[in-house]
Every structure is written in C-alpha cells, then in structure tokens.
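Structure data follow from query.txt (compact mmCIF, C-alpha atoms):
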```
# COMPACT_ATOMS: atom_id res chain seq x y z
CA MET J 1 -155.55 95.55 -31.03
CA GLN J 2 -153.32 96.15 -28.00
CA ALA J 3 -150.74 93.61 -29.21
CA ALA J 4 -150.67 95.25 -32.64
CA PHE J 5 -150.12 98.65 -31.02
CA LEU J 6 -147.21 97.32 -28.96
CA ILE J 7 -145.52 95.86 -32.04
CA CYS J 8 -145.97 99.15 -33.91
CA ALA J 9 -144.55 101.09 -30.95
CA GLN J 10 -141.51 98.81 -30.79
CA VAL J 11 -140.74 99.39 -34.47
CA MET J 12 -141.20 103.16 -34.21
CA SER J 13 -138.97 103.46 -31.13
CA ALA J 14 -136.12 101.49 -32.72
CA ARG J 15 -133.29 103.54 -34.23
CA THR J 16 -131.07 103.05 -37.24
CA GLU J 17 -127.46 104.18 -37.45
CA ILE J 18 -124.67 103.82 -40.01
CA GLN J 19 -121.43 102.06 -39.14
CA ALA J 20 -118.47 100.98 -41.26
CA PHE J 21 -116.57 97.71 -41.10
CA THR J 22 -113.66 96.57 -43.25
CA GLY J 23 -113.55 93.78 -45.83
CA GLU J 24 -110.93 92.61 -48.30
CA ALA J 25 -111.95 95.38 -50.74
CA GLY J 26 -112.17 98.12 -48.10
CA ARG J 27 -115.15 99.76 -46.42
CA ILE J 28 -118.33 97.76 -45.75
CA ASP J 29 -121.04 100.33 -45.13
CA CYS J 30 -123.81 99.03 -42.85
CA ALA J 31 -127.16 100.21 -41.59
CA ILE J 32 -127.75 98.93 -38.06
CA ASP J 33 -131.31 98.72 -36.75
CA TRP J 34 -131.55 98.71 -32.95
CA PRO J 35 -134.47 97.33 -30.93
CA ALA J 36 -136.16 99.51 -28.32
CA GLY J 37 -134.84 97.53 -25.35
CA THR J 38 -131.61 95.73 -24.50
CA PRO J 39 -130.60 93.54 -27.46
CA ARG J 40 -130.79 89.80 -26.96
CA GLY J 41 -128.55 89.12 -29.95
CA TRP J 42 -128.12 90.22 -33.54
CA ALA J 43 -128.93 89.39 -37.14
CA LEU J 44 -127.02 89.75 -40.40
CA VAL J 45 -129.39 90.34 -43.33
CA LEU J 46 -127.99 90.28 -46.89
CA HIS J 47 -129.39 91.95 -49.99
CA PRO J 48 -129.99 90.85 -53.62
CA HIS J 49 -127.75 91.19 -56.70
CA SER J 50 -125.56 94.29 -56.55
CA LEU J 51 -125.57 94.87 -60.32
CA GLN J 52 -129.35 94.62 -60.57
CA GLY J 53 -130.29 97.30 -58.07
CA GLY J 54 -129.82 95.21 -54.95
CA ALA J 55 -129.08 97.17 -51.78
CA ARG J 56 -129.68 97.01 -48.04
CA ASP J 57 -132.93 99.03 -48.32
CA ASN J 58 -134.60 96.36 -50.46
CA LYS J 59 -138.13 95.71 -49.16
CA VAL J 60 -137.56 92.00 -48.52
CA VAL J 61 -134.38 92.81 -46.59
CA THR J 62 -136.07 95.48 -44.48
CA THR J 63 -139.04 93.17 -43.84
CA ILE J 64 -136.70 90.52 -42.44
CA SER J 65 -134.80 93.15 -40.44
CA ARG J 66 -137.95 94.56 -38.86
CA ALA J 67 -139.04 91.09 -37.79
CA CYS J 68 -135.63 90.58 -36.18
CA VAL J 69 -135.83 93.92 -34.37
CA GLN J 70 -139.29 93.00 -33.05
CA HIS J 71 -137.70 89.90 -31.52
CA GLY J 72 -135.05 91.98 -29.75
CA LEU J 73 -132.23 91.49 -32.23
CA VAL J 74 -129.95 94.18 -33.63
CA ALA J 75 -130.24 93.89 -37.42
CA VAL J 76 -127.07 94.57 -39.42
CA ARG J 77 -127.77 95.36 -43.09
CA PRO J 78 -124.54 95.77 -45.09
CA ASP J 79 -124.24 97.06 -48.62
CA PHE J 80 -122.09 94.64 -50.58
CA ARG J 81 -118.93 95.85 -52.29
CA GLY J 82 -119.61 98.43 -54.97
CA VAL J 83 -123.02 99.39 -53.57
CA GLY J 84 -123.60 102.76 -51.87
CA GLN J 85 -120.58 103.72 -49.79
CA SER J 86 -119.11 100.21 -49.72
CA GLU J 87 -115.82 99.90 -51.58
CA GLY J 88 -114.77 97.35 -54.20
CA GLU J 89 -116.47 95.70 -57.15
CA PHE J 90 -119.03 92.93 -57.54
CA ASP J 91 -117.32 89.55 -57.19
CA LYS J 92 -120.03 86.93 -57.84
CA ALA J 93 -120.34 86.06 -54.11
CA ARG J 94 -116.67 85.10 -53.72
CA GLY J 95 -115.36 88.35 -52.32
CA GLU J 96 -118.71 89.17 -50.74
CA THR J 97 -118.52 85.96 -48.69
CA GLN J 98 -115.03 86.82 -47.48
CA ASP J 99 -116.27 90.30 -46.59
CA MET J 100 -119.11 88.86 -44.51
CA LEU J 101 -116.80 86.47 -42.68
CA ALA J 102 -114.64 89.48 -41.81
CA LEU J 103 -117.72 91.47 -40.78
CA VAL J 104 -118.90 88.73 -38.41
CA ALA J 105 -115.51 88.70 -36.69
CA GLN J 106 -115.46 92.50 -36.42
CA VAL J 107 -119.00 92.68 -35.03
CA ARG J 108 -117.95 90.29 -32.28
CA GLU J 109 -114.86 92.39 -31.54
CA ARG J 110 -116.78 95.67 -31.51
CA TYR J 111 -119.63 94.24 -29.42
CA PRO J 112 -118.09 91.51 -27.23
CA GLU J 113 -121.39 91.09 -25.40
CA TRP J 114 -122.77 89.64 -28.63
CA ALA J 115 -119.99 87.08 -29.05
CA SER J 116 -121.91 84.42 -27.14
CA ALA J 117 -125.39 85.79 -27.81
CA PRO J 118 -127.74 84.13 -30.32
CA TRP J 119 -127.56 85.47 -33.84
CA VAL J 120 -129.38 84.94 -37.11
CA LEU J 121 -128.10 84.87 -40.71
CA ALA J 122 -130.51 85.70 -43.53
CA GLY J 123 -130.35 86.55 -47.20
CA PHE J 124 -132.57 87.32 -50.14
CA SER J 125 -131.87 86.23 -53.74
CA PHE J 126 -128.11 86.78 -54.41
CA GLY J 127 -127.79 87.39 -50.68
CA THR J 128 -128.73 83.76 -50.04
CA ALA J 129 -125.59 82.62 -51.87
CA VAL J 130 -123.45 84.80 -49.63
CA ALA J 131 -125.38 83.78 -46.51
CA ALA J 132 -125.13 80.04 -47.21
CA GLN J 133 -121.43 80.25 -48.04
CA THR J 134 -120.78 82.43 -44.98
CA TYR J 135 -122.49 79.81 -42.82
CA ALA J 136 -120.43 77.06 -44.45
CA GLY J 137 -117.22 79.06 -44.01
CA LEU J 138 -117.89 79.52 -40.29
CA ALA J 139 -118.77 75.84 -39.87
CA ASP J 140 -115.65 74.71 -41.75
CA ALA J 141 -113.53 76.93 -39.51
CA GLY J 142 -114.97 75.25 -36.43
CA ASP J 143 -116.83 78.33 -35.23
CA THR J 144 -118.54 77.50 -31.95
CA ALA J 145 -121.16 80.26 -32.25
CA LEU J 146 -122.97 79.42 -35.47
CA PRO J 147 -126.26 81.20 -36.21
CA VAL J 148 -129.29 79.83 -34.37
CA ALA J 149 -131.27 80.28 -37.58
CA LEU J 150 -130.37 80.45 -41.28
CA MET J 151 -133.05 81.96 -43.52
CA LEU J 152 -132.89 81.94 -47.33
CA MET J 153 -135.58 83.82 -49.26
CA GLY J 154 -135.90 83.45 -53.04
CA ALA J 155 -132.73 81.38 -52.90
CA ALA J 156 -130.18 81.72 -55.69
CA VAL J 157 -127.40 79.80 -53.94
CA GLN J 158 -126.88 77.42 -56.85
CA ARG J 159 -126.06 80.28 -59.25
CA PHE J 160 -123.11 81.56 -57.23
CA GLN J 161 -121.87 78.49 -55.39
CA GLU J 162 -118.09 78.06 -55.48
CA GLN J 163 -117.95 74.80 -53.58
CA GLU J 164 -120.23 72.27 -51.92
CA VAL J 165 -122.32 73.97 -49.25
CA THR J 166 -123.94 72.21 -46.31
CA VAL J 167 -126.72 74.03 -44.46
CA PRO J 168 -128.64 72.98 -41.33
CA ALA J 169 -131.73 70.85 -41.74
CA ASP J 170 -133.88 73.51 -40.08
CA THR J 171 -132.91 76.22 -42.57
CA LEU J 172 -135.95 78.33 -43.45
CA MET J 173 -136.28 78.50 -47.23
CA VAL J 174 -139.16 80.57 -48.61
CA HIS J 175 -139.89 80.83 -52.33
CA GLY J 176 -142.56 82.43 -54.46
CA GLU J 177 -144.72 80.10 -56.52
CA GLN J 178 -144.48 82.44 -59.51
CA ASP J 179 -140.83 83.47 -59.12
CA ASP J 180 -139.73 84.49 -62.63
CA VAL J 181 -136.15 85.36 -61.61
CA VAL J 182 -135.17 82.15 -59.81
CA PRO J 183 -137.65 79.44 -60.86
CA LEU J 184 -138.98 77.30 -58.03
CA SER J 185 -137.75 74.17 -59.84
CA GLU J 186 -134.18 75.48 -59.71
CA THR J 187 -134.31 75.98 -55.95
CA LEU J 188 -135.95 72.58 -55.48
CA ASN J 189 -133.03 71.01 -57.32
CA TRP J 190 -130.63 72.66 -54.88
CA ALA J 191 -132.65 71.81 -51.76
CA ARG J 192 -133.52 68.23 -52.69
CA PRO J 193 -130.12 66.56 -52.06
CA ARG J 194 -129.82 68.52 -48.81
CA ASP J 195 -133.26 67.44 -47.55
CA VAL J 196 -134.19 71.04 -46.78
CA PRO J 197 -137.93 71.80 -47.05
CA ILE J 198 -139.12 74.85 -48.97
CA VAL J 199 -142.10 76.95 -47.94
CA VAL J 200 -143.86 78.00 -51.15
CA VAL J 201 -145.94 81.18 -51.01
CA PRO J 202 -148.86 80.80 -53.48
CA GLY J 203 -149.01 83.53 -56.10
CA ALA J 204 -145.80 85.22 -54.90
CA SER J 205 -143.23 86.64 -57.30
CA HIS J 206 -139.48 86.79 -56.69
CA PHE J 207 -139.82 90.06 -54.78
CA PHE J 208 -142.89 88.87 -52.82
CA HIS J 209 -144.98 91.80 -54.06
CA GLY J 210 -148.18 91.88 -52.02
CA LYS J 211 -146.89 88.98 -49.89
CA LEU J 212 -144.47 90.74 -47.53
CA LEU J 213 -146.82 90.27 -44.56
CA VAL J 214 -146.84 86.54 -45.25
CA LEU J 215 -143.05 86.55 -45.45
CA ARG J 216 -142.75 88.50 -42.21
CA ALA J 217 -145.04 86.04 -40.42
CA LEU J 218 -142.87 83.12 -41.57
CA VAL J 219 -139.73 84.87 -40.35
CA GLN J 220 -141.35 85.69 -37.01
CA ALA J 221 -142.42 82.08 -36.54
CA ARG J 222 -138.86 80.86 -37.21
CA LEU J 223 -137.39 83.42 -34.83
CA LYS J 224 -139.83 82.42 -32.10
CA VAL J 225 -138.65 78.82 -32.34
CA ALA J 226 -134.96 79.80 -32.42
CA LEU J 227 -135.03 82.42 -29.67
CA ASP J 228 -137.88 81.71 -27.26
```

In structure tokens, what does this structure look like?
Amino acid sequence: MQAAFLICAQVMSARTEIQAFTGEAGRIDCAIDWPAGTPRGWALVLHPHSLQGGARDNKVVTTISRACVQHGLVAVRPDFRGVGQSEGEFDKARGETQDMLALVAQVRERYPEWASAPWVLAGFSFGTAVAAQTYAGLADAGDTALPVALMLMGAAVQRFQEQEVTVPADTLMVHGEQDDVVPLSETLNWARPRDVPIVVVPGASHFFHGKLLVLRALVQARLKVALD
C-alpha cells in the first residue's frame, strides 16, 4: 500500500510543459513530462498514425510516458508534422524520422546535461516505424549515445520502412494477441529475421484496451533492467 501511494504521489507531483523544436517542415510541438526529482535521463515517446487520429495524448503513449517519469526520466512526447501545432504534412515516416533526428540533436543542445545521460526511445503503431528508423539513423551516423532501451508497441515498422533497419537484440516488442490493425503474424515476419522476441499480451487489441496496466508493467520491467 505504501509503495503504491509513493508511485501515485510521484506521478501527481510531476509537471507537464509545452516546448517547441524545429524539424525540416517547421515547428515540432512537444509535451514534456517532468519527474518530481532531478531527472536521471530522458525518453522520446512517439505516437500512432497522424491521419488516423494519432497524437501525443494517445493512451498507449501516455502510459509509456508515465512509466518513464516514474523511473526518473523526462518524457518528451512530440506531435508529428501536421498534428496539433506541429507544422508540415504527413510523410509516411520519411520526414517524421528526419524530424526526430533533428529533435534528438536539439534536445541535447538545449539540455547539455542530458547529452551523456541514459535515454529511451519508444513508439506505438506508426510511431514504431519512426522510432526504429530514428535508432537506425543514429547508429548509422556513429552516434555514441544510443538509447539504452528501444521499445516498440503494436509495431508497424514493416509498413513504413524505407530501408533495411537493424535494431538491438534486447528491443522490447509488445503486441496484442487480437490486434486487428497490425496482425501479429505481420510483426512476427518483421521480427523473425532480426531474432527479436515479441511479448504477446493475451486478448489484447491493437490499442491494448483493458490491458494498459499489463503494458505499463512490461515497460517498467524493461526500464528497471536498462536504468538500475
């Protein structure tokens, strides 16, 4: 009971503010969730398909963000181009990936204390395509501060992949057994040649309705391994 109260208090005492960064298409509008204490690092959490109602306030995105905040990370939740106050138009993950690469660089410039701190990259649905390609872009550029954890929920990487993408073997992939948007078989086909395991949540749909607590527990377990 006491532990549960402490977690609740941490979430309630965190604050959220809006900041703008700049991508190839202009403004990238971001919500930034701050932990109660001194941040130990940060997380970039990416939302689902922009033309299908996807935005940074999606429940899966906010579930991941809250788990990150509970582990002392600042969670950055951008709206992709064309969503909310972010400028530009949907670009099938091409432009969105370039925007996120620019955002990572600008976060490090704006908060130099985070440049060498651990950080996490996560995405849901369409956001997984941008997350995976952002990771690959950083790795290809020889970035020496790659994310300590990559998390792909309801992965749709294969639908928006421009080139071959390599992800770390310890990538956390979580998929709903009854996903009717991105069938489990499709994600298995993408993960199989990369030898990346998939955690299947029994009875879960694409949006993890009724299963968000399960999803949060999986994220928390991955963060504990990566950060503690």

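Closest approach to Thr134 of chain J among J:Asp195, J:Asp57, J:Glu96, J:Asp170 is made by J:Glu96 (distances from all atoms listed in the file).
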
Using only C-alpha atoms, the best pick from J:Asp180, J:Asp33, J:Glu186, J:Glu164 as closest to Thr63 of chain J would be J:Asp33

Write out as a list in words each polymer residue whose atoms come within 10 Å of Ala204 of chain J, counting all atoms listed in the file; drop sequence neighbours fewer than 6 positions from it. His175, Gly176, Glu177, Gln178, Asp179, Asp180, Gly210, Lys211, Leu212, Val214 and Leu215 of chain J

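Proximity ranking of J:Thr171, J:Asn189, J:Gln158, J:Ser50 relative to Glu89 of chain J places J:Ser50 first, based on only C-alpha atoms.
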
Counting all atoms listed in the file, the residue of J:Gln163, J:Thr144, J:Ser116, J:Thr62 that sits nearest Ala132 of chain J: J:Gln163

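Note that atom CA of Val104 of chain J and atom CA of Met153 of chain J are 20.5 Å apart.
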
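Pairwise distance (atom CA of Trp190 of chain J, atom CA of Ala129 of chain J) equals 11.6 Å.
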
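In terms of minimum interatomic distance to Arg77 of chain J, J:Cys30 ranks closest within J:Gln106, J:Cys30, J:Pro39, J:Gly53, counting only C-alpha atoms.
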
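In this model, the gap between atom CA of Val200 of chain J and atom CA of Val174 of chain J comes to 5.9 Å.
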
Just want the 12 Å neighbourhood of Ala20 of chain J, counted on all atoms listed in the file, with same-chain residues fewer than 4 positions away dropped. Output as an NGL selection string. :J and (26-32 or 76-80 or 84-87 or 103 or 106-107 or 110)

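Shortest separation to Ala102 of chain J among J:Leu138, J:Thr128, J:Ala155, J:Gly123 occurs at residue J:Leu138, atoms counted being all atoms listed in the file.
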
Any idea what's packed within 8 Å of segment 40-49 of chain J, counting only C-alpha atoms, ignoring anything in its chain fewer than 4 positions away? Could you give it as a CSV table (one decimal) with C-alpha atoms, in the frame of the given file?
```csv
chain,number,residue,atom,x,y,z
J,53,GLY,CA,-130.3,97.3,-58.1
J,54,GLY,CA,-129.8,95.2,-55.0
J,55,ALA,CA,-129.1,97.2,-51.8
J,56,ARG,CA,-129.7,97.0,-48.0
J,58,ASN,CA,-134.6,96.4,-50.5
J,61,VAL,CA,-134.4,92.8,-46.6
J,64,ILE,CA,-136.7,90.5,-42.4
J,65,SER,CA,-134.8,93.2,-40.4
J,68,CYS,CA,-135.6,90.6,-36.2
J,72,GLY,CA,-135.0,92.0,-29.8
J,73,LEU,CA,-132.2,91.5,-32.2
J,74,VAL,CA,-130.0,94.2,-33.6
J,75,ALA,CA,-130.2,93.9,-37.4
J,76,VAL,CA,-127.1,94.6,-39.4
J,77,ARG,CA,-127.8,95.4,-43.1
J,78,PRO,CA,-124.5,95.8,-45.1
J,79,ASP,CA,-124.2,97.1,-48.6
J,80,PHE,CA,-122.1,94.6,-50.6
J,114,TRP,CA,-122.8,89.6,-28.6
J,117,ALA,CA,-125.4,85.8,-27.8
J,118,PRO,CA,-127.7,84.1,-30.3
J,119,TRP,CA,-127.6,85.5,-33.8
J,120,VAL,CA,-129.4,84.9,-37.1
J,121,LEU,CA,-128.1,84.9,-40.7
J,122,ALA,CA,-130.5,85.7,-43.5
J,123,GLY,CA,-130.4,86.6,-47.2
J,124,PHE,CA,-132.6,87.3,-50.1
J,125,SER,CA,-131.9,86.2,-53.7
J,126,PHE,CA,-128.1,86.8,-54.4
J,127,GLY,CA,-127.8,87.4,-50.7
J,128,THR,CA,-128.7,83.8,-50.0
J,130,VAL,CA,-123.4,84.8,-49.6
J,131,ALA,CA,-125.4,83.8,-46.5
```

Just the residues within 10 Å of Arg222 of chain J, please, counting only C-alpha atoms, with nothing from its chain fewer than 6 positions along; format it as a ChimeraX atom specification. /J:149-151,170-172,216

Using the atoms already present, construct all heavy atoms for segment 75-86 of chain J and hand them back as a PDB file, in the frame of the given file.
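What landed in selection_15.pdb:
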```pdb
ATOM      1  N   ALA J  75    -130.336  94.334 -36.030  1.00  0.00           N
ATOM      2  CA  ALA J  75    -130.240  93.890 -37.420  1.00  0.00           C
ATOM      3  C   ALA J  75    -129.166  94.673 -38.156  1.00  0.00           C
ATOM      4  O   ALA J  75    -129.232  95.902 -38.243  1.00  0.00           O
ATOM      5  CB  ALA J  75    -131.591  94.053 -38.125  1.00  0.00           C
ATOM      6  N   VAL J  76    -128.177  93.960 -38.663  1.00  0.00           N
ATOM      7  CA  VAL J  76    -127.070  94.570 -39.420  1.00  0.00           C
ATOM      8  C   VAL J  76    -127.336  94.330 -40.899  1.00  0.00           C
ATOM      9  O   VAL J  76    -127.427  93.180 -41.348  1.00  0.00           O
ATOM     10  CB  VAL J  76    -125.725  93.955 -39.002  1.00  0.00           C
ATOM     11  CG1 VAL J  76    -124.578  94.570 -39.799  1.00  0.00           C
ATOM     12  CG2 VAL J  76    -125.484  94.139 -37.500  1.00  0.00           C
ATOM     13  N   ARG J  77    -127.480  95.436 -41.659  1.00  0.00           N
ATOM     14  CA  ARG J  77    -127.770  95.360 -43.090  1.00  0.00           C
ATOM     15  C   ARG J  77    -126.620  95.997 -43.872  1.00  0.00           C
ATOM     16  O   ARG J  77    -126.595  97.210 -44.079  1.00  0.00           O
ATOM     17  CB  ARG J  77    -129.072  96.099 -43.414  1.00  0.00           C
ATOM     18  CG  ARG J  77    -130.328  95.478 -42.827  1.00  0.00           C
ATOM     19  CD  ARG J  77    -131.582  96.248 -43.234  1.00  0.00           C
ATOM     20  NE  ARG J  77    -131.735  97.506 -42.520  1.00  0.00           N
ATOM     21  CZ  ARG J  77    -131.774  98.701 -43.090  1.00  0.00           C
ATOM     22  NH1 ARG J  77    -131.629  98.828 -44.404  1.00  0.00           N
ATOM     23  NH2 ARG J  77    -131.930  99.798 -42.362  1.00  0.00           N
ATOM     24  N   PRO J  78    -125.655  95.198 -44.323  1.00  0.00           N
ATOM     25  CA  PRO J  78    -124.540  95.770 -45.090  1.00  0.00           C
ATOM     26  C   PRO J  78    -124.909  95.997 -46.548  1.00  0.00           C
ATOM     27  O   PRO J  78    -125.781  95.310 -47.101  1.00  0.00           O
ATOM     28  CB  PRO J  78    -123.456  94.692 -44.975  1.00  0.00           C
ATOM     29  CG  PRO J  78    -124.231  93.418 -44.830  1.00  0.00           C
ATOM     30  CD  PRO J  78    -125.482  93.762 -44.066  1.00  0.00           C
ATOM     31  N   ASP J  79    -124.268  96.971 -47.159  1.00  0.00           N
ATOM     32  CA  ASP J  79    -124.240  97.060 -48.620  1.00  0.00           C
ATOM     33  C   ASP J  79    -123.020  96.287 -49.083  1.00  0.00           C
ATOM     34  O   ASP J  79    -121.902  96.491 -48.575  1.00  0.00           O
ATOM     35  CB  ASP J  79    -124.118  98.522 -49.065  1.00  0.00           C
ATOM     36  CG  ASP J  79    -125.463  99.210 -49.224  1.00  0.00           C
ATOM     37  OD1 ASP J  79    -126.467  98.498 -49.423  1.00  0.00           O
ATOM     38  OD2 ASP J  79    -125.504 100.457 -49.153  1.00  0.00           O
ATOM     39  N   PHE J  80    -123.224  95.393 -50.042  1.00  0.00           N
ATOM     40  CA  PHE J  80    -122.090  94.640 -50.580  1.00  0.00           C
ATOM     41  C   PHE J  80    -121.135  95.561 -51.323  1.00  0.00           C
ATOM     42  O   PHE J  80    -121.486  96.698 -51.697  1.00  0.00           O
ATOM     43  CB  PHE J  80    -122.577  93.547 -51.536  1.00  0.00           C
ATOM     44  CG  PHE J  80    -123.257  92.386 -50.853  1.00  0.00           C
ATOM     45  CD1 PHE J  80    -124.426  91.854 -51.374  1.00  0.00           C
ATOM     46  CD2 PHE J  80    -122.734  91.823 -49.696  1.00  0.00           C
ATOM     47  CE1 PHE J  80    -125.053  90.774 -50.767  1.00  0.00           C
ATOM     48  CE2 PHE J  80    -123.352  90.747 -49.081  1.00  0.00           C
ATOM     49  CZ  PHE J  80    -124.522  90.220 -49.617  1.00  0.00           C
ATOM     50  N   ARG J  81    -119.952  95.066 -51.590  1.00  0.00           N
ATOM     51  CA  ARG J  81    -118.930  95.850 -52.290  1.00  0.00           C
ATOM     52  C   ARG J  81    -119.467  96.439 -53.591  1.00  0.00           C
ATOM     53  O   ARG J  81    -120.168  95.780 -54.361  1.00  0.00           O
ATOM     54  CB  ARG J  81    -117.684  94.995 -52.559  1.00  0.00           C
ATOM     55  CG  ARG J  81    -117.946  93.653 -53.195  1.00  0.00           C
ATOM     56  CD  ARG J  81    -116.653  92.908 -53.520  1.00  0.00           C
ATOM     57  NE  ARG J  81    -115.896  92.519 -52.318  1.00  0.00           N
ATOM     58  CZ  ARG J  81    -114.682  91.966 -52.353  1.00  0.00           C
ATOM     59  NH1 ARG J  81    -114.119  91.712 -53.527  1.00  0.00           N
ATOM     60  NH2 ARG J  81    -114.054  91.651 -51.235  1.00  0.00           N
ATOM     61  N   GLY J  82    -119.167  97.726 -53.781  1.00  0.00           N
ATOM     62  CA  GLY J  82    -119.610  98.430 -54.970  1.00  0.00           C
ATOM     63  C   GLY J  82    -120.987  99.043 -54.876  1.00  0.00           C
ATOM     64  O   GLY J  82    -121.440  99.707 -55.813  1.00  0.00           O
ATOM     65  N   VAL J  83    -121.676  98.842 -53.751  1.00  0.00           N
ATOM     66  CA  VAL J  83    -123.020  99.390 -53.570  1.00  0.00           C
ATOM     67  C   VAL J  83    -122.954 100.513 -52.520  1.00  0.00           C
ATOM     68  O   VAL J  83    -122.342 100.353 -51.467  1.00  0.00           O
ATOM     69  CB  VAL J  83    -124.012  98.315 -53.105  1.00  0.00           C
ATOM     70  CG1 VAL J  83    -125.390  98.917 -52.852  1.00  0.00           C
ATOM     71  CG2 VAL J  83    -124.099  97.193 -54.131  1.00  0.00           C
ATOM     72  N   GLY J  84    -123.593 101.654 -52.822  1.00  0.00           N
ATOM     73  CA  GLY J  84    -123.600 102.760 -51.870  1.00  0.00           C
ATOM     74  C   GLY J  84    -122.197 103.219 -51.538  1.00  0.00           C
ATOM     75  O   GLY J  84    -121.380 103.475 -52.423  1.00  0.00           O
ATOM     76  N   GLN J  85    -121.887 103.276 -50.245  1.00  0.00           N
ATOM     77  CA  GLN J  85    -120.580 103.720 -49.790  1.00  0.00           C
ATOM     78  C   GLN J  85    -119.596 102.564 -49.556  1.00  0.00           C
ATOM     79  O   GLN J  85    -118.476 102.797 -49.104  1.00  0.00           O
ATOM     80  CB  GLN J  85    -120.726 104.524 -48.497  1.00  0.00           C
ATOM     81  CG  GLN J  85    -121.570 105.774 -48.640  1.00  0.00           C
ATOM     82  CD  GLN J  85    -121.006 106.731 -49.673  1.00  0.00           C
ATOM     83  OE1 GLN J  85    -119.827 107.070 -49.647  1.00  0.00           O
ATOM     84  NE2 GLN J  85    -121.852 107.171 -50.606  1.00  0.00           N
ATOM     85  N   SER J  86    -120.014 101.350 -49.869  1.00  0.00           N
ATOM     86  CA  SER J  86    -119.110 100.210 -49.720  1.00  0.00           C
ATOM     87  C   SER J  86    -118.129 100.161 -50.882  1.00  0.00           C
ATOM     88  O   SER J  86    -118.500 100.390 -52.042  1.00  0.00           O
ATOM     89  CB  SER J  86    -119.896  98.893 -49.653  1.00  0.00           C
ATOM     90  OG  SER J  86    -120.646  98.818 -48.460  1.00  0.00           O
TER      91      SER J  86
END
```
